[in-house]
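> Structure: final.txt, compact mmCIF, C-alpha atoms.
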# COMPACT_ATOMS: atom_id res chain seq x y z
CA MET A 1 130.75 158.43 -134.98
CA ALA A 2 130.48 154.95 -136.47
CA ASP A 3 133.73 152.98 -136.53
CA PHE A 4 134.25 151.11 -139.81
CA THR A 5 137.79 149.91 -139.12
CA LYS A 6 136.48 146.72 -137.48
CA ARG A 7 133.28 144.70 -137.45
CA ASN A 8 130.53 145.77 -135.07
CA ARG A 9 129.70 143.37 -132.22
CA ASP A 10 126.50 145.05 -130.99
CA PRO A 11 123.37 142.86 -131.36
CA GLU A 12 120.51 143.70 -133.66
CA LEU A 13 117.05 144.30 -132.22
CA MET A 14 115.59 141.66 -134.55
CA ASP A 15 117.80 139.02 -132.94
CA ASP A 16 115.84 139.39 -129.70
CA CYS A 17 113.72 136.26 -129.35
CA GLY A 18 111.10 138.34 -127.57
CA VAL A 19 110.04 140.21 -130.73
CA ASP A 20 106.38 139.36 -131.33
CA GLY A 21 105.11 137.84 -134.55
CA THR A 22 103.27 140.93 -135.81
CA THR A 23 106.32 143.16 -135.34
CA LEU A 24 108.69 140.59 -136.84
CA ARG A 25 106.49 140.18 -139.90
CA LYS A 26 106.58 143.95 -140.52
CA VAL A 27 110.36 144.03 -140.08
CA LEU A 28 110.85 141.10 -142.49
CA ASP A 29 108.54 142.81 -144.98
CA ASP A 30 110.77 145.89 -144.77
CA ILE A 31 113.84 143.75 -145.43
CA ASP A 32 112.13 142.15 -148.44
CA ARG A 33 111.16 145.55 -149.81
CA THR A 34 114.74 146.76 -149.46
CA ASN A 35 116.14 143.68 -151.19
CA ASN A 36 113.66 143.98 -154.04
CA LEU A 37 114.32 147.68 -154.57
CA LEU A 38 118.11 147.32 -154.44
CA GLY A 39 118.33 143.99 -156.26
CA GLY A 40 119.79 142.09 -153.32
CA ASN A 41 117.89 138.84 -153.88
CA ARG A 42 118.94 138.80 -157.53
CA ILE A 43 122.56 138.47 -156.43
CA THR A 44 121.87 135.15 -154.72
CA ILE A 45 119.69 133.91 -157.59
CA ASN A 46 122.48 134.65 -160.06
CA GLY A 47 124.91 132.66 -157.92
CA VAL A 48 122.54 129.69 -157.82
CA GLU A 49 121.93 129.85 -161.59
CA LEU A 50 125.69 129.82 -162.16
CA LEU A 51 126.14 126.62 -160.15
CA ILE A 52 123.15 125.00 -161.85
CA GLN A 53 124.57 125.80 -165.29
CA GLU A 54 127.90 124.28 -164.28
CA HIS A 55 126.29 121.11 -162.89
CA ARG A 56 123.23 120.08 -164.88
CA GLN A 57 120.89 117.76 -162.97
CA GLY A 58 117.20 116.94 -163.10
CA SER A 59 116.69 118.10 -159.52
CA TYR A 60 118.50 119.88 -156.71
CA THR A 61 118.27 120.04 -152.94
CA ILE A 62 118.86 123.64 -151.88
CA LEU A 63 119.42 124.60 -148.25
CA ASP A 64 118.98 128.18 -146.99
CA MET A 65 120.78 129.00 -143.73
CA GLY A 66 119.04 131.80 -141.85
CA CYS A 67 115.98 131.74 -144.10
CA GLY A 68 113.95 134.47 -142.34
CA ASN A 69 110.46 134.59 -143.83
CA GLY A 70 111.44 132.23 -146.67
CA SER A 71 111.39 134.85 -149.43
CA MET A 72 114.67 133.68 -150.94
CA LEU A 73 113.56 130.05 -151.11
CA ARG A 74 110.32 131.05 -152.77
CA GLU A 75 112.36 132.81 -155.45
CA ILE A 76 114.56 129.72 -155.81
CA VAL A 77 111.49 127.51 -156.30
CA LYS A 78 110.17 129.94 -158.92
CA LEU A 79 113.54 129.68 -160.67
CA GLY A 80 113.29 125.89 -160.69
CA ARG A 81 109.78 126.05 -162.10
CA ARG A 82 110.93 128.38 -164.89
CA LEU A 83 113.88 126.14 -165.74
CA GLY A 84 111.80 122.97 -165.54
CA ILE A 85 113.95 121.38 -162.84
CA GLY A 86 112.93 119.86 -159.55
CA ILE A 87 113.77 121.76 -156.39
CA GLU A 88 113.64 120.43 -152.86
CA ALA A 89 114.11 123.53 -150.70
CA ILE A 90 114.90 123.52 -146.99
CA GLY A 91 114.89 126.64 -144.83
CA ILE A 92 116.89 126.72 -141.59
CA ASP A 93 116.40 129.30 -138.86
CA LEU A 94 116.60 129.54 -135.09
CA SER A 95 113.53 131.76 -134.71
CA GLU A 96 110.31 129.81 -134.26
CA THR A 97 108.32 132.98 -134.87
CA GLY A 98 110.17 133.61 -138.11
CA LEU A 99 109.65 130.00 -139.21
CA ASP A 100 105.92 130.26 -138.52
CA ILE A 101 105.80 133.34 -140.76
CA ALA A 102 107.81 131.54 -143.46
CA LYS A 103 105.48 128.53 -143.39
CA ALA A 104 102.38 130.74 -143.64
CA GLU A 105 103.79 132.69 -146.59
CA SER A 106 104.90 129.52 -148.41
CA SER A 107 101.56 127.74 -148.53
CA ASP A 108 101.69 127.73 -152.35
CA PHE A 109 105.19 126.26 -152.36
CA PRO A 110 105.03 122.55 -151.42
CA GLU A 111 108.66 122.22 -152.50
CA ILE A 112 109.75 124.06 -149.32
CA ARG A 113 110.04 122.76 -145.79
CA TYR A 114 111.34 124.62 -142.76
CA LEU A 115 113.37 123.38 -139.81
CA LYS A 116 114.51 124.95 -136.56
CA ARG A 117 118.27 124.42 -136.28
CA ASP A 118 121.27 126.19 -134.76
CA ILE A 119 123.74 126.90 -137.56
CA LEU A 120 126.67 126.58 -135.17
CA ALA A 121 125.51 123.15 -134.01
CA LEU A 122 125.02 121.42 -137.37
CA ALA A 123 126.57 117.98 -137.68
CA ALA A 124 128.75 117.24 -140.70
CA ASP A 125 126.32 114.58 -141.95
CA ASP A 126 123.18 116.60 -141.19
CA LEU A 127 121.07 118.11 -143.98
CA LYS A 128 123.10 117.15 -147.02
CA CYS A 129 122.30 119.30 -150.05
CA ASP A 130 123.50 120.19 -153.53
CA ILE A 131 123.65 123.96 -153.06
CA LEU A 132 123.73 125.87 -149.79
CA LEU A 133 122.65 129.52 -149.47
CA CYS A 134 123.55 132.05 -146.81
CA THR A 135 122.02 135.45 -147.55
CA LEU A 136 122.43 138.36 -145.10
CA THR A 137 123.05 135.90 -142.27
CA MET A 138 126.81 135.69 -141.84
CA HIS A 139 127.14 139.27 -140.56
CA HIS A 140 125.07 138.29 -137.50
CA PHE A 141 128.00 136.16 -136.29
CA TYR A 142 131.30 137.09 -134.66
CA ASP A 143 134.56 136.44 -136.50
CA GLU A 144 135.47 133.57 -134.20
CA ASN A 145 132.23 131.73 -135.03
CA ILE A 146 132.26 132.14 -138.80
CA PRO A 147 134.96 129.52 -139.62
CA VAL A 148 132.99 126.98 -137.56
CA PHE A 149 129.89 127.04 -139.74
CA LEU A 150 131.72 127.72 -143.01
CA ASN A 151 133.66 124.52 -142.50
CA GLN A 152 130.39 122.66 -141.92
CA PHE A 153 128.84 124.28 -145.01
CA THR A 154 131.59 122.84 -147.22
CA LYS A 155 130.78 119.36 -145.93
CA LEU A 156 127.02 119.72 -146.42
CA ALA A 157 126.98 121.10 -149.99
CA SER A 158 128.00 118.67 -152.74
CA ILE A 159 128.08 121.28 -155.54
CA GLY A 160 128.60 124.68 -154.00
CA ILE A 161 127.78 127.47 -151.60
CA VAL A 162 126.38 130.93 -152.34
CA ILE A 163 126.97 133.64 -149.73
CA ASN A 164 125.50 137.10 -150.21
CA ASP A 165 126.36 139.62 -147.51
CA LEU A 166 127.03 143.26 -146.81
CA GLN A 167 130.07 145.41 -147.43
CA ARG A 168 131.10 147.45 -144.39
CA SER A 169 131.33 150.92 -145.84
CA PRO A 170 130.81 154.50 -144.58
CA LEU A 171 129.18 155.38 -147.91
CA ALA A 172 126.74 152.47 -147.66
CA TYR A 173 125.93 153.50 -144.08
CA HIS A 174 125.09 157.09 -144.95
CA LEU A 175 123.20 156.20 -148.13
CA PHE A 176 121.11 153.70 -146.17
CA ARG A 177 120.17 156.37 -143.64
CA GLY A 178 118.60 158.39 -146.45
CA PHE A 179 117.05 155.36 -148.13
CA SER A 180 115.51 154.05 -144.91
CA ALA A 181 113.90 157.38 -144.09
CA ILE A 182 111.84 157.05 -147.28
CA PHE A 183 111.34 153.34 -147.89
CA ILE A 184 111.54 151.58 -144.52
CA ARG A 185 108.53 151.74 -142.23
CA THR A 186 109.65 150.11 -138.98
CA LYS A 187 112.11 151.57 -136.48
CA ILE A 188 113.64 148.14 -135.91
CA ALA A 189 114.49 147.68 -139.60
CA ARG A 190 115.96 151.19 -139.81
CA HIS A 191 118.06 150.60 -136.69
CA ASP A 192 119.13 147.07 -137.62
CA GLY A 193 119.98 148.06 -141.17
CA LEU A 194 122.64 150.46 -139.89
CA ILE A 195 123.92 147.91 -137.38
CA SER A 196 124.09 145.32 -140.17
CA ILE A 197 126.25 147.55 -142.35
CA LYS A 198 128.65 148.12 -139.45
CA SER A 199 128.70 144.32 -138.99
CA GLY A 200 129.44 143.71 -142.67
CA PHE A 201 132.74 142.75 -144.28
CA THR A 202 135.61 144.02 -146.33
CA LYS A 203 136.80 141.88 -149.22
CA MET A 204 140.09 141.33 -147.40
CA GLU A 205 138.22 139.88 -144.41
CA LEU A 206 136.27 137.47 -146.63
CA GLU A 207 139.46 136.42 -148.38
CA ARG A 208 141.00 135.69 -145.00
CA PHE A 209 138.11 133.34 -144.17
CA ALA A 210 138.46 131.77 -147.63
CA LYS A 211 142.14 130.95 -147.04
CA GLU A 212 141.11 128.71 -144.15
CA LEU A 213 138.91 126.63 -146.49
CA THR A 214 141.50 125.01 -148.71
CA SER A 215 139.30 122.16 -149.93
CA VAL A 216 137.06 124.38 -152.09
CA LYS A 217 137.44 126.92 -154.88
CA HIS A 218 136.45 130.53 -154.07
CA GLU A 219 135.15 133.45 -156.12
CA ILE A 220 134.38 136.73 -154.30
CA GLN A 221 132.88 139.67 -156.20
CA TRP A 222 131.57 143.09 -155.19
CA LYS A 223 127.98 143.72 -156.27
CA TRP A 224 125.60 146.66 -156.12
CA ALA A 225 124.28 147.74 -153.66
CA PHE A 226 127.30 147.30 -151.40
CA ARG A 227 127.20 143.50 -151.32
CA TYR A 228 129.69 140.72 -151.77
CA LEU A 229 128.79 137.56 -153.66
CA TRP A 230 130.98 134.68 -152.48
CA VAL A 231 130.58 131.49 -154.50
CA MET A 232 132.35 128.37 -153.28
CA ARG A 233 132.62 125.34 -155.53
CA THR A 234 132.84 122.17 -153.47
CA GLN A 235 132.46 119.49 -156.16
CA ARG A 236 135.70 117.96 -157.46
CA LEU A 237 136.48 115.25 -160.00
CA ASN A 238 139.63 113.13 -159.66
CA GLY A 239 141.10 115.58 -157.17
CA THR A 240 140.57 118.68 -159.36
CA TYR A 241 137.70 121.16 -159.56
CA GLU A 242 135.19 120.46 -162.30
Using the file provided, produce a representation of the structure as structure tokens.

Amino acid sequence: MADFTKRNRDPELMDDCGVDGTTLRKVLDDIDRTNNLLGGNRITINGVELLIQEHRQGSYTILDMGCGNGSMLREIVKLGRRLGIGIEAIGIDLSETGLDIAKAESSDFPEIRYLKRDILALAADDLKCDILLCTLTMHHFYDENIPVFLNQFTKLASIGIVINDLQRSPLAYHLFRGFSAIFIRTKIARHDGLISIKSGFTKMELERFAKELTSVKHEIQWKWAFRYLWVMRTQRLNGTYE
């Protein structure tokens, strides 16, 4: 029986650096299909639009931590094109294979560049941006590591941070088992999807992380399907939040 009282610490198969490019591409395609069907990407886009509306500029630098195949950044660039604003998009990932896939699939998006970086090893003055994204990445890390990179995120992003991650829930777990049997093609994505849910968060856990980041303003909301949208506002004027 799955234990939902605490976060899972078992690794996901996709985190194995030995996964070949063909297999990884199929797994990432499955993840994209799931996000599109369940509206997961829209959650992040809405968070970005909110910060853009609050801080009108002619252009934005947007950094995506754990960018996978780059699908989220491509949606962000499309958003910028629709709104008539300039977007410089930077995707960060530790998987060279995944970055190669992202580059190949982003050939029509000159606004995007991809870099291999370790999230836990980012310097405070490295990769400054306006808005930082972290979509379905945080649950890959243990609790003791999360405050390390969250603290760095607040120093990198001048406007705000948008985190979109999974709720740890028995209902989500069992619903995903049925969903994956129909819509997910690869065994790795079916396996890792269940592991990911067990590695997800409760709202109380996210609020505990938020309390350690006193220099920013936090807003945490539950979203369908079993996600949390955590928007941090890092920009302040005269010591108060804008």
> Find the residues near His191 (chain A): any atom within 8 Å, counting all atoms listed in the file, skip ones fewer than 4 places away on the same chain, and give them as number ranges by chain.
A: 12-13, 187, 195
> So which residues touch Val148 (chain A) within 8 Å, counting only C-alpha atoms, skipping near sequence neighbours fewer than 4 positions away, as JSON, numbers by chain?
{"A": [120, 144, 152]}
> Between CA of Leu166 (chain A) and CA of Phe109 (chain A), measure the distance and give it in Å to one decimal.
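Atom-to-atom, CA of Leu166 (chain A) to CA of Phe109 (chain A), that is 28.2 Å.
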> Check the smallest atom-to-atom distance from each of A:Ile92, A:Leu79, A:Ile131, A:Leu28 to Phe153 (chain A) using all atoms listed in the file, then report the winner.
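The answer is A:Ile131, which sits nearest to Phe153 (chain A).
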> Interatomic distance between CA of Lys116 (chain A) and CA of Tyr142 (chain A)?
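Here the two named atoms are 20.8 Å from each other.
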> Can you pull out every residue within 10 Å of Arg42 (chain A), counting only C-alpha atoms, but drop anything in the same chain fewer than 5 positions away, and send it as a PyMOL selection string?
chain A and resi 35-36+47-48+72+75+164
> If you count all atoms listed in the file, which residues fall within 10 Å of Trp230 (chain A), apart from same-chain ones fewer than 4 positions away, as a list in words?
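Contacts, in chain order: Thr44, Gly47, Cys134, Ile161, Val162, Ile163, Asn164, Asp165, Lys203, Leu206, Glu207, Ala210, His218, Glu219, Ile220, Gln221 and Trp222 of chain A.
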> So which one's closest to Ser71 (chain A), A:Val231, A:Ala181, A:Ala123, A:Leu99? Using all atoms listed in the file, please.
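Comparing A:Val231, A:Ala181, A:Ala123, A:Leu99 against Ser71 (chain A), the winner is A:Leu99.
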> Using only C-alpha atoms, which residues sit within 10 Å of Ala104 (chain A) once same-chain residues fewer than 4 positions away are excluded, as a ChimeraX atom specification?
/A:69-70,98-100,108
> Pull the neighbourhood of (107.9, 132.9, -139.2) for me: all residues within 12 Å in file coordinates, counting only C-alpha atoms, as a ChimeraX atom specification.
/A:17,19-29,66-71,91-106,114-116
> May I ask for the distance between CA of Leu37 (chain A) and CA of Arg82 (chain A), given in Å to one decimal place?
22.1 Å
> Which residue out of A:Leu63, A:Leu38, A:Ala121, A:Val77 has the minimum interatomic distance to Phe183 (chain A) when only C-alpha atoms are used?
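Under the stated criterion, the closest residue is A:Leu38.
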> Here is a test: counting all atoms listed in the file, which residue of A:Ala225, A:Met65, A:Ile184, A:Leu136 is nearest to Asp30 (chain A)?
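Comparing A:Ala225, A:Met65, A:Ile184, A:Leu136 against Asp30 (chain A), the winner is A:Ile184.
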> Around the point (113.8, 127.5, -154.5) (coordinates from the file), which residues reach within 8 Å if we count all atoms listed in the file? Answer as a PyMOL selection string.
chain A and resi 62+72-80+87-89+111-112
> Could you check the closest approach to Asp10 (chain A) for each of A:Glu212, A:Glu205, A:Asp118, A:Asp192 and tell me which residue wins, using all atoms listed in the file?
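For Asp10 (chain A), the nearest of the candidates is A:Asp192.
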> Please return the centre and edge lengths, in Å to one decimal, of a box with edges along x, y and z that contains all listed atoms of region 182-192 of chain A, widened by 4 Å on every side, as AutoDock Vina command-line options.

--center_x 113.8 --center_y 152.1 --center_z -141.9 --size_x 18.6 --size_y 18.0 --size_z 20.0
> Hey, which of A:Tyr60, A:Phe226, A:Phe209, A:Tyr173 ends up closest to Phe149 (chain A)? Count all atoms listed in the file.
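Selected residue with least distance to Phe149 (chain A): A:Phe209.
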